[in-house]
2 protein chains.
Amino acid sequence: MTPREQTQDQQAQERQLRESHGHLVIIGGHEDRKRDKEILTRFVELSGGADAKIVVISAASTVADEMWQIYDKAFGELGVATRVHLHLQSRQDANDEAHIKDILDATGIFMTGGDQKRLLAIIGGTALDHRMHEALKLRGACIGGTSAGASAMSGHMLAQGRAELHPEKGSVSLGAGLGFLHKMVVDQHFSERQRLSRLLSVVAQNPYLQGIGIDEDTALVIERGVGIEVLGEGAVTIVDGRNMSTNIAEIKDNETPELIDVRLHLLPSGSKYRLPSADGAPEDRRIPQPLLEFLENVTKRNPLS
Amino acid sequence: MTPREQTQDQQAQERQLRESHGHLVIIGGHEDRKRDKEILTRFVELSGGADAKIVVISAASTVADEMWQIYDKAFGELGVATRVHLHLQSRQDANDEAHIKDILDATGIFMTGGDQKRLLAIIGGTALDHRMHEALKLRGACIGGTSAGASAMSGHMLAQGRAELHPEKGSVSLGAGLGFLHKMVVDQHFSERQRLSRLLSVVAQNPYLQGIGIDEDTALVIERGVGIEVLGEGAVTIVDGRNMSTNIAEIKDNETPELIDVRLHLLPSGSKYRLPSADGAPEDRRIPQPLLEFLENVTKRNPLS
């Protein structure tokens with residue numbers, strides 16, 4: 001091949017990878033399920049509309065059947081004929097290919113709220129986990145998660161922590177999440193539960209993680225290689241401590257660290273950014289550099305885990 | 001004079017100006033008045049200790065006598081023999097040199113809480129206002145203010161505004177403050193009343209103002225030409241939107257603006273920074289550039305208004 005042909009070949013490969021890659025719909029909890037259903041409507045659209053096959057994973061919750069009934073009704077009202085509850089009570093269930101076979105042709109996979117530690121304890125590293133990555137990255141399935149299901153999306157997962165008035169050393173613990181996002185950590189119910197200090201506690205201690213705080217009834221939609229969009233009622237807050245100075249290494253647990261030069265971005269509902277290289281990106285809108293970096297990090301393809 | 005003598009002369013002048021200049025003690029409200037009195041103790045020290053003459057300005061409050069009793073008792077317990085209540089009920093009072101004569105040899109001036117709009121309506125632009133600037137800048141008096149008395153310190157004063165979950169266009173109004181600080185805006189009861197969104201609303205609309213949020217029982221002490229210190233129980237939050245991108249010019253009132261690249265600094269109690277040029281500044285502590293800019297802005301001498 002000539003160099004030009006090589007370049008064209010790479011571009012074609014990249015396009016194919018992108019086109020085979022599904023969306024992430026990361027929801028801050030309490031999304032509307034009864035009235036306009038804006039966020040769930042988008043999830044259904046990105047999963048294929050009326051022809052979607054949507055699988056609901058309720059393993060974060062101790063009231064799995066109640067969760068399933070809520071989403072079964074909501075997705076039914078949105079015209080989705082094929083809806084399946086993957087009721088998982090153990091890692092054995094999540095490793096049993098017969099039990100999880102519905103994931104193989106799912107076009108949308110939705111993780112309910114509950115406790116993200118419970119969700120990961122049941123599905124982390126199982127056959128189901130692997131099939132979810134395949135569904136997203138090879139078959140273009142849409143992965144949605146709300147509340148605990150949102151936190152579980154990232155590789156480093158916010159497992160638990162107090163929301164105090166100030167950031168505190170040692171007040172938040174991380175766990176191993178599903179890894180659909182890397183170098184990010186997601187918190188939910190963000191403004192409603194006043195969790196900025198909690199997210200700053202994570203970033204202060206783990207400065208290469210960017211913090212994403214998602215409000216209730218609000219979603220961050222991520223399209224691989226293309227861009228991001230915020231929809232719903234609230235906003236998405238991003239905190240970036242990669243260039244900060246801090247004394248956290250020198251203070252004791254439960255003390256408040258000094259933090260200098262944390263970057264904060266607020267993206268209200270309606271914010272929409274496409275990578276400058278993406279098809280259909282507006283030519284005339286310059287993306288501020290710190291947001292461009294976030295955009296590139298969050299939309300780049302992650303290798304199959 | 002030779003160039004070298006000129007430089008020495010300028011340095012001597014600058015030193016004299018600095019030495020004649022008093023401290024600002026800006027308190028986020030609810031400072032302890034009964035137990036350790038850490039902040040009031042510092043205010044008394046900076047006002048001259050037992051030999052201080054402290055004048056209390058209660059004009060922000062509609063219960064001026066109650067305010068006076070609280071501070072009369074607290075300053076008395078701290079050993080201050082000379083304590084005066086400047087009870088001002090009108091602009092006539094504040095313009096009456098006989099009424100305000102105690103300000104002429106005050107070494108400490110303390111502004112109580114209440115409503116900063118009320119305080120400014122009574123004293124803004126009066127003879128008292130002018131004498132307070134002289135006291136600070138020519139006689140080295142210490143100026144303290146808590147809650148409303150803290151907000152009143154800056155030239156652009158946060159007059160009122162709702163503390164919402166998100167910043168909102170048009171939700172905060174500014175007024176003309178006393179102008180001891182320039183290009184800054186001060187908010188108080190900051191973490192306790194969850195006022196970050198309110199301060200971001202100010203900065204979004206007025207990007208050359210840096211926002212200073214001070215927690216309850218917490219003080220920011222500013223020494224002209226020398227440095228800053230945070231003391232008390234909480235922290236000081238600084239938000240700097242000078243380099244941000246925002247769509248606030250294009251949205252409607254009550255909508256949430258997009259904000260990209262707001263810089264946030266958190267200075268907990270115990271944070272202490274001296275200008276690199278100040279006497280006694282540690283040689284080995286490099287101050288991060290964004291904080292250095294804040295430090296230079298906040299400690300530079302303002303011209304007599």
# chains A, B, ... in the order shown; residues from 1 in each chain; ligands from 1

call {"tool": "interface_residues", "arguments": {"of": "chain B", "to": "chain A", "cutoff": "8 Å", "atoms": "only C-alpha atoms", "output": "PyMOL selection string"}}
result
chain B and resi 165-166+191-192+194+235+245+256-268+271+288+290-291

call {"tool": "calpha_fit_rmsd", "arguments": {"fixed": "chain B", "moving": "chain A"}}
result
0.1 Å

call {"tool": "atom_distance", "arguments": {"atom1": "CA of Glu233 (chain B)", "atom2": "CA of Asp217 (chain B)"}}
result
5.6 Å

call {"tool": "residues_around", "arguments": {"residues": "region 85-97 of chain B", "least_positions_apart": "3", "cutoff": "8 Å", "atoms": "only C-alpha atoms", "output": "PyMOL selection string"}}
result
chain B and resi 55-59+64+68+100-102+121-123+126-128

call {"tool": "residues_around", "arguments": {"residues": "region 158-162 of chain B", "least_positions_apart": "5", "cutoff": "7 Å", "atoms": "only C-alpha atoms", "output": "list in words"}}
result
Gln116, Lys117, Ser151, Ser171, Val172, Ser173, Leu174, Gly175, Val185, Val186, Asp187 and Arg198 of chain B

call {"tool": "write_last_selection", "arguments": {"atoms": "C-alpha atoms", "output": "mmCIF file, in the first residue's frame"}}
result
data_model
loop_
_atom_site.group_PDB
_atom_site.id
_atom_site.type_symbol
_atom_site.label_atom_id
_atom_site.label_comp_id
_atom_site.auth_asym_id
_atom_site.auth_seq_id
_atom_site.Cartn_x
_atom_site.Cartn_y
_atom_site.Cartn_z
ATOM 1 C CA GLN B 116 -24.734 44.242 54.443
ATOM 2 C CA LYS B 117 -27.201 46.327 52.433
ATOM 3 C CA SER B 151 -19.320 40.834 52.734
ATOM 4 C CA SER B 171 -29.944 35.122 40.671
ATOM 5 C CA VAL B 172 -27.458 37.277 42.595
ATOM 6 C CA SER B 173 -27.247 41.032 42.888
ATOM 7 C CA LEU B 174 -24.209 43.083 43.722
ATOM 8 C CA GLY B 175 -24.011 46.412 45.502
ATOM 9 C CA VAL B 185 -16.321 39.467 46.184
ATOM 10 C CA VAL B 186 -16.809 37.901 49.615
ATOM 11 C CA ASP B 187 -19.454 35.400 50.681
ATOM 12 C CA ARG B 198 -24.221 31.398 44.484
#

call {"tool": "select_by_dssp", "arguments": {"residues": "region 47-248 of chain A", "states": "alpha helix (DSSP H)", "output": "ChimeraX atom specification"}}
result
/A:64-77,91-95,116-123,127-137,148-151,196-205

call {"tool": "residues_around", "arguments": {"residues": "Glu77 (chain B)", "least_positions_apart": "6", "cutoff": "10 Å", "atoms": "only C-alpha atoms", "output": "MDAnalysis selection string"}}
result
chainID B and resid 33:34 37 41 71

call {"tool": "atom_distance", "arguments": {"atom1": "CA of Met184 (chain B)", "atom2": "CA of Gly149 (chain B)"}}
result
14.9 Å
